[in-house]
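Okay, protein_38.json is below, JSON, C-alpha atoms:
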```
[["chain", "number", "residue", "atom", "x", "y", "z"],
["A", 247, "MET", "CA", 0.00, 0.00, 0.00],
["A", 248, "GLY", "CA", 2.88, 2.33, 0.82],
["A", 249, "ALA", "CA", 4.59, 1.59, -2.52],
["A", 250, "LEU", "CA", 1.41, 2.37, -4.43],
["A", 251, "THR", "CA", 1.08, 5.66, -2.61],
["A", 252, "THR", "CA", 4.71, 6.55, -3.47],
["A", 253, "THR", "CA", 4.15, 5.73, -7.16],
["A", 254, "MET", "CA", 1.00, 7.82, -7.34],
["A", 255, "SER", "CA", 2.76, 10.76, -5.70],
["A", 256, "SER", "CA", 5.62, 10.49, -8.20],
["A", 257, "LEU", "CA", 3.18, 10.49, -11.13],
["A", 258, "SER", "CA", 1.35, 13.48, -9.76],
["A", 259, "PHE", "CA", 4.69, 15.31, -9.40],
["A", 260, "LEU", "CA", 5.60, 14.56, -13.02],
["A", 261, "GLN", "CA", 2.18, 15.64, -14.22],
["A", 262, "SER", "CA", 2.42, 18.89, -12.33],
["A", 263, "GLY", "CA", 5.88, 19.52, -13.73],
["A", 264, "PHE", "CA", 4.73, 18.84, -17.29],
["A", 265, "ALA", "CA", 1.71, 21.07, -16.80],
["A", 266, "TYR", "CA", 3.96, 23.87, -15.50],
["A", 267, "SER", "CA", 6.28, 23.59, -18.52],
["A", 268, "GLN", "CA", 3.32, 23.72, -20.90],
["A", 269, "GLN", "CA", 2.04, 26.79, -19.11],
["A", 270, "GLN", "CA", 5.43, 28.54, -19.40],
["A", 271, "GLN", "CA", 5.61, 27.78, -23.11],
["A", 272, "LEU", "CA", 2.17, 29.27, -23.65],
["A", 273, "LEU", "CA", 3.00, 32.37, -21.63],
["A", 274, "HIS", "CA", 6.49, 32.94, -23.15],
["A", 275, "PRO", "CA", 6.59, 31.57, -26.74],
["A", 276, "SER", "CA", 9.65, 33.71, -27.65],
["A", 277, "LYS", "CA", 11.81, 31.74, -25.23],
["A", 278, "LEU", "CA", 11.22, 28.49, -27.07],
["A", 279, "VAL", "CA", 14.46, 27.03, -28.43],
["A", 280, "SER", "CA", 14.50, 24.20, -30.91],
["A", 281, "PRO", "CA", 16.63, 21.23, -29.85],
["A", 282, "ALA", "CA", 18.14, 21.09, -33.33],
["A", 283, "VAL", "CA", 19.57, 24.57, -32.89],
["A", 284, "ILE", "CA", 21.21, 23.59, -29.64],
["A", 285, "ILE", "CA", 22.72, 20.39, -31.01],
["A", 286, "ARG", "CA", 23.90, 21.79, -34.36],
["A", 287, "PRO", "CA", 27.53, 23.07, -34.12],
["A", 288, "GLN", "CA", 28.24, 26.63, -35.18],
["A", 289, "TYR", "CA", 30.96, 26.85, -37.85],
["A", 290, "GLN", "CA", 32.74, 30.07, -38.71],
["A", 291, "PRO", "CA", 33.34, 30.63, -42.45],
["A", 292, "LEU", "CA", 36.95, 30.64, -43.63],
["A", 293, "ILE", "CA", 37.77, 33.96, -45.28],
["A", 294, "VAL", "CA", 40.98, 34.21, -47.35],
["A", 295, "ASP", "CA", 42.06, 37.66, -48.44],
["A", 296, "GLY", "CA", 43.79, 37.36, -51.81],
["A", 297, "LYS", "CA", 46.14, 40.12, -52.93],
["A", 298, "ALA", "CA", 46.39, 40.54, -56.69],
["A", 299, "ARG", "CA", 49.77, 41.72, -57.99],
["A", 300, "THR", "CA", 50.36, 43.78, -61.07],
["A", 301, "ARG", "CA", 52.53, 42.73, -64.00],
["A", 302, "ARG", "CA", 55.19, 45.21, -62.93],
["A", 303, "GLN", "CA", 55.31, 43.71, -59.42],
["A", 304, "ASP", "CA", 55.63, 40.22, -60.91],
["A", 305, "ARG", "CA", 58.50, 41.37, -63.12],
["A", 306, "THR", "CA", 60.24, 43.05, -60.19],
["A", 307, "ALA", "CA", 59.95, 39.84, -58.16],
["A", 308, "ARG", "CA", 61.42, 37.78, -61.02],
["A", 309, "HIS", "CA", 64.25, 40.28, -61.42],
["A", 310, "SER", "CA", 65.05, 40.12, -57.69],
["A", 311, "ARG", "CA", 65.32, 36.33, -57.87],
["A", 312, "LEU", "CA", 67.48, 36.58, -60.97],
["A", 313, "ARG", "CA", 69.83, 39.15, -59.44],
["A", 314, "LYS", "CA", 70.70, 36.70, -56.68],
["A", 315, "LYS", "CA", 72.24, 34.44, -59.33],
["A", 316, "VAL", "CA", 73.65, 36.94, -61.85],
["A", 317, "GLU", "CA", 76.41, 39.33, -60.79],
["A", 318, "GLY", "CA", 78.74, 41.38, -62.92],
["A", 319, "THR", "CA", 82.49, 41.08, -62.41],
["A", 320, "PRO", "CA", 85.43, 42.85, -64.13],
["A", 321, "GLU", "CA", 86.05, 39.70, -66.19],
["A", 322, "ARG", "CA", 82.36, 39.12, -66.94],
["A", 323, "PRO", "CA", 80.22, 42.25, -66.44],
["A", 324, "ARG", "CA", 76.44, 42.14, -66.35],
["A", 325, "LEU", "CA", 74.45, 43.08, -69.46],
["A", 326, "CYS", "CA", 71.27, 44.62, -68.00],
["A", 327, "VAL", "CA", 68.19, 45.30, -70.14],
["A", 328, "PHE", "CA", 65.31, 47.65, -69.32],
["A", 329, "ARG", "CA", 62.25, 47.96, -71.53],
["A", 330, "SER", "CA", 59.73, 50.78, -71.27],
["A", 331, "ASN", "CA", 56.63, 51.42, -73.36],
["A", 332, "LYS", "CA", 58.55, 53.55, -75.85],
["A", 333, "HIS", "CA", 62.27, 52.83, -75.44],
["A", 334, "LEU", "CA", 64.84, 50.13, -74.83],
["A", 335, "TYR", "CA", 67.90, 50.60, -72.60],
["A", 336, "VAL", "CA", 71.00, 48.40, -72.20],
["A", 337, "GLN", "CA", 73.88, 48.77, -69.74],
["A", 338, "VAL", "CA", 77.03, 46.77, -69.13],
["A", 339, "ILE", "CA", 77.69, 47.00, -65.39],
["A", 340, "ASP", "CA", 80.55, 45.92, -63.12],
["A", 341, "ASP", "CA", 78.73, 45.19, -59.85],
["A", 342, "THR", "CA", 81.94, 45.00, -57.81],
["A", 343, "THR", "CA", 82.68, 48.69, -58.41],
["A", 344, "MET", "CA", 79.12, 49.76, -59.35],
["A", 345, "HIS", "CA", 80.40, 51.28, -62.61],
["A", 346, "THR", "CA", 78.68, 51.31, -66.00],
["A", 347, "LEU", "CA", 81.21, 50.21, -68.61],
["A", 348, "ALA", "CA", 79.05, 50.64, -71.73],
["A", 349, "SER", "CA", 75.49, 51.61, -72.58],
["A", 350, "ALA", "CA", 73.08, 51.91, -75.48],
["A", 351, "SER", "CA", 69.46, 52.94, -75.90],
["A", 352, "THR", "CA", 66.92, 53.97, -78.48],
["A", 353, "MET", "CA", 67.36, 57.58, -77.34],
["A", 354, "GLN", "CA", 70.99, 57.73, -78.53],
["A", 355, "LYS", "CA", 71.66, 59.50, -81.81],
["A", 356, "PRO", "CA", 73.09, 56.60, -83.86],
["A", 357, "ILE", "CA", 69.85, 54.69, -83.37],
["A", 358, "SER", "CA", 67.35, 57.54, -83.24],
["A", 359, "GLU", "CA", 68.76, 59.12, -86.42],
["A", 360, "ASP", "CA", 68.83, 55.84, -88.32],
["A", 361, "PHE", "CA", 65.17, 55.10, -87.56],
["A", 362, "ASP", "CA", 63.96, 58.71, -87.21],
["A", 363, "TYR", "CA", 63.14, 57.74, -83.66],
["A", 364, "SER", "CA", 62.64, 60.53, -81.14],
["A", 365, "SER", "CA", 60.57, 61.07, -78.03],
["A", 366, "GLY", "CA", 58.95, 64.34, -79.01],
["A", 367, "PRO", "CA", 55.20, 64.92, -78.80],
["A", 368, "THR", "CA", 53.20, 63.91, -81.85],
["A", 369, "ILE", "CA", 49.59, 64.64, -82.80],
["A", 370, "ARG", "CA", 47.60, 61.61, -83.93],
["A", 371, "LEU", "CA", 44.03, 61.68, -85.31],
["A", 372, "ASN", "CA", 41.62, 58.89, -84.42],
["A", 373, "TRP", "CA", 38.33, 58.03, -86.10],
["A", 374, "LYS", "CA", 35.67, 57.27, -83.47],
["A", 375, "ASP", "CA", 33.70, 54.17, -84.55],
["A", 376, "GLY", "CA", 32.54, 55.68, -87.83],
["A", 377, "SER", "CA", 30.46, 58.27, -86.00],
["A", 378, "GLY", "CA", 31.83, 61.09, -88.10],
["A", 379, "VAL", "CA", 33.89, 62.54, -85.24],
["A", 380, "TRP", "CA", 37.65, 62.97, -85.39],
["A", 381, "SER", "CA", 39.47, 63.10, -82.05],
["A", 382, "CYS", "CA", 42.88, 64.66, -81.63],
["A", 383, "VAL", "CA", 45.23, 62.69, -79.36],
["A", 384, "ILE", "CA", 48.52, 64.19, -78.22],
["A", 385, "GLY", "CA", 51.00, 61.69, -76.84],
["A", 386, "ARG", "CA", 54.60, 60.58, -76.74],
["A", 387, "VAL", "CA", 54.40, 58.76, -80.06],
["A", 388, "SER", "CA", 57.73, 58.73, -81.86],
["A", 389, "GLY", "CA", 59.01, 58.38, -85.39],
["A", 390, "VAL", "CA", 58.29, 59.81, -88.82],
["A", 391, "ARG", "CA", 58.66, 57.06, -91.41],
["A", 392, "GLY", "CA", 57.48, 54.33, -89.06],
["A", 393, "ARG", "CA", 60.38, 51.97, -89.79],
["A", 394, "GLY", "CA", 61.36, 51.57, -86.17],
["A", 395, "ILE", "CA", 58.10, 51.96, -84.34],
["A", 396, "GLY", "CA", 54.65, 50.47, -84.29],
["A", 397, "VAL", "CA", 51.28, 52.15, -84.30],
["A", 398, "THR", "CA", 51.58, 53.14, -80.64],
["A", 399, "GLY", "CA", 55.24, 54.14, -80.80],
["A", 400, "ALA", "CA", 56.62, 50.93, -79.27],
["A", 401, "VAL", "CA", 60.09, 49.65, -80.12],
["A", 402, "THR", "CA", 60.00, 47.04, -82.87],
["A", 403, "MET", "CA", 62.29, 44.11, -83.57],
["A", 404, "ASP", "CA", 64.51, 46.10, -85.97],
["A", 405, "VAL", "CA", 65.25, 48.72, -83.35],
["A", 406, "ALA", "CA", 65.96, 46.05, -80.72],
["A", 407, "LYS", "CA", 68.44, 44.37, -83.08],
["A", 408, "LYS", "CA", 70.14, 47.71, -83.69],
["A", 409, "VAL", "CA", 70.51, 48.29, -79.94],
["A", 410, "GLY", "CA", 72.06, 44.83, -79.56],
["A", 411, "GLU", "CA", 74.49, 45.58, -82.39],
["A", 412, "VAL", "CA", 75.52, 48.93, -80.89],
["A", 413, "ILE", "CA", 76.11, 47.52, -77.40],
["A", 414, "ALA", "CA", 78.10, 44.58, -78.78],
["A", 415, "ARG", "CA", 80.40, 46.83, -80.80],
["A", 416, "SER", "CA", 80.87, 49.15, -77.83],
["A", 417, "CYS", "CA", 81.86, 46.21, -75.62],
["A", 418, "ILE", "CA", 84.27, 44.76, -78.20],
["A", 419, "GLU", "CA", 85.99, 48.14, -78.56],
["A", 420, "LYS", "CA", 86.54, 48.23, -74.78],
["A", 421, "GLY", "CA", 87.88, 44.68, -74.62],
["A", 422, "ILE", "CA", 84.73, 43.10, -73.18],
["A", 423, "ASN", "CA", 83.96, 39.82, -74.93],
["A", 424, "CYS", "CA", 81.96, 37.88, -72.33],
["A", 425, "VAL", "CA", 79.01, 39.16, -70.29],
["A", 426, "ALA", "CA", 76.29, 37.80, -67.99],
["A", 427, "PHE", "CA", 72.88, 38.48, -69.51],
["A", 428, "ASP", "CA", 70.34, 40.05, -67.14],
["A", 429, "ARG", "CA", 66.98, 40.17, -68.91],
["A", 430, "GLY", "CA", 65.49, 42.31, -66.14],
["A", 431, "GLY", "CA", 62.68, 39.91, -65.32],
["A", 432, "TYR", "CA", 61.18, 40.17, -68.82],
["A", 433, "PRO", "CA", 60.24, 37.00, -70.74],
["A", 434, "TYR", "CA", 62.94, 35.89, -73.15],
["A", 435, "HIS", "CA", 61.11, 36.52, -76.42],
["A", 436, "GLY", "CA", 60.27, 39.36, -78.75],
["A", 437, "ARG", "CA", 62.41, 42.46, -78.40],
["A", 438, "ILE", "CA", 64.52, 41.02, -75.56],
["A", 439, "GLN", "CA", 65.39, 37.93, -77.61],
["A", 440, "ALA", "CA", 66.07, 40.01, -80.73],
["A", 441, "LEU", "CA", 68.48, 42.23, -78.79],
["A", 442, "ALA", "CA", 70.31, 39.22, -77.32],
["A", 443, "ASP", "CA", 70.61, 37.44, -80.68],
["A", 444, "ALA", "CA", 71.97, 40.58, -82.37],
["A", 445, "ALA", "CA", 74.55, 41.05, -79.61],
["A", 446, "ARG", "CA", 75.71, 37.44, -80.03],
["A", 447, "GLU", "CA", 75.91, 37.80, -83.80],
["A", 448, "HIS", "CA", 78.29, 40.74, -83.42],
["A", 449, "GLY", "CA", 80.77, 38.94, -81.17],
["A", 450, "LEU", "CA", 79.42, 39.22, -77.63],
["A", 451, "MET", "CA", 79.40, 35.91, -75.76],
["A", 452, "PHE", "CA", 76.84, 35.00, -73.10]]
```
This entry written out as structure tokens:
Amino acid sequence: MGALTTTMSSLSFLQSGFAYSQQQQLLHPSKLVSPAVIIRPQYQPLIVDGKARTRRQDRTARHSRLRKKVEGTPERPRLCVFRSNKHLYVQVIDDTTMHTLASASTMQKPISEDFDYSSGPTIRLNWKDGSGVWSCVIGRVSGVRGRGIGVTGAVTMDVAKKVGEVIARSCIEKGINCVAFDRGGYPYHGRIQALADAAREHGLMF
């Protein structure tokens, strides 16, 4: 009889507790929390910030890696090439003394006079999409006959070969026969390759 009384009291306690919880849920519905939300783990998204580099920064990085391997000495100076949008520059440098032994560029008179290549301002007329409007563009476009430059005034292969020929002859006159080629981080093709091939053809070894 005592056990039955204990069981009935336990059931009445559970019923009262359940009734109280139901009452609280009806009175405060905003406090209801789904069990799935409690069990589900909260993951933080992985955010990776990518930094895009420009072509000039990529070239500078390649040149820095190359300079760790190529160094000019008195016996074998460094043939350094720099290419801009309009001109091409070459220097033969002794890195031990930081002296320039020879140089050539498209701005020097032997090359600029041969190809009528200068850096003066030029007026160019553009036709705007057949709309009947001519636009006047003033820029640093060089050349008269167009033998040494392209439409936008860039150095062509013929000019690059001439620069390689001039720097090779200048080195041979000063007793420099062997150099270490520093392409300046530029890809070895086009004007850079044409300059290097012309320098080799005229006696410079590298």
For CA of Val316 (chain A) and CA of Lys408 (chain A), the interatomic separation in Å (one decimal): 24.6 Å
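Look at His333 (chain A): the protein and nucleic acid residues within 7 Å of it, using all atoms listed in the file and passing over chain neighbours fewer than 2 places away, are A:Arg329, A:Ser330, A:Asn331, A:Tyr335, A:Thr352, A:Val401.
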Length of the CA of Gly436 (chain A) to CA of Lys332 (chain A) vector [Å]: 14.6 Å
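Ranking A:Tyr432, A:Gly449, A:Ile339, A:Cys326 by their shortest atom-to-atom distance to Arg305 (chain A), with all atoms listed in the file included, puts A:Tyr432 first.
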Using only C-alpha atoms: which of A:Val409, A:Leu292, A:Leu450, A:Ile438 has the shortest distance to Pro323 (chain A):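 Closest candidate: A:Leu450.
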Atom-to-atom span, CA of Thr346 (chain A) and CA of Phe452 (chain A), Å: 17.9 Å
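For the choices A:Ile418, A:Cys424, A:Leu441, A:Met344, the atom-to-atom distance to Ala406 (chain A) is smallest for A:Leu441 when using all atoms listed in the file.
Proximity to Phe328 (chain A) was assessed for A:Met451, A:Ala307, A:Leu312, A:Ala350 counting all atoms listed in the file; the smallest distance is recorded for A:Ala350.
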Counting only C-alpha atoms, the residue of A:Tyr434, A:Gln288, A:Ser310, A:Val405 that sits nearest Asp360 (chain A):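 Counting only C-alpha atoms, the residue closest to Asp360 (chain A) is A:Val405.
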Proximity to Phe427 (chain A) - best of A:Ala442, A:Ala298, A:Ile293, A:Ala348, all atoms listed in the file: A:Ala442
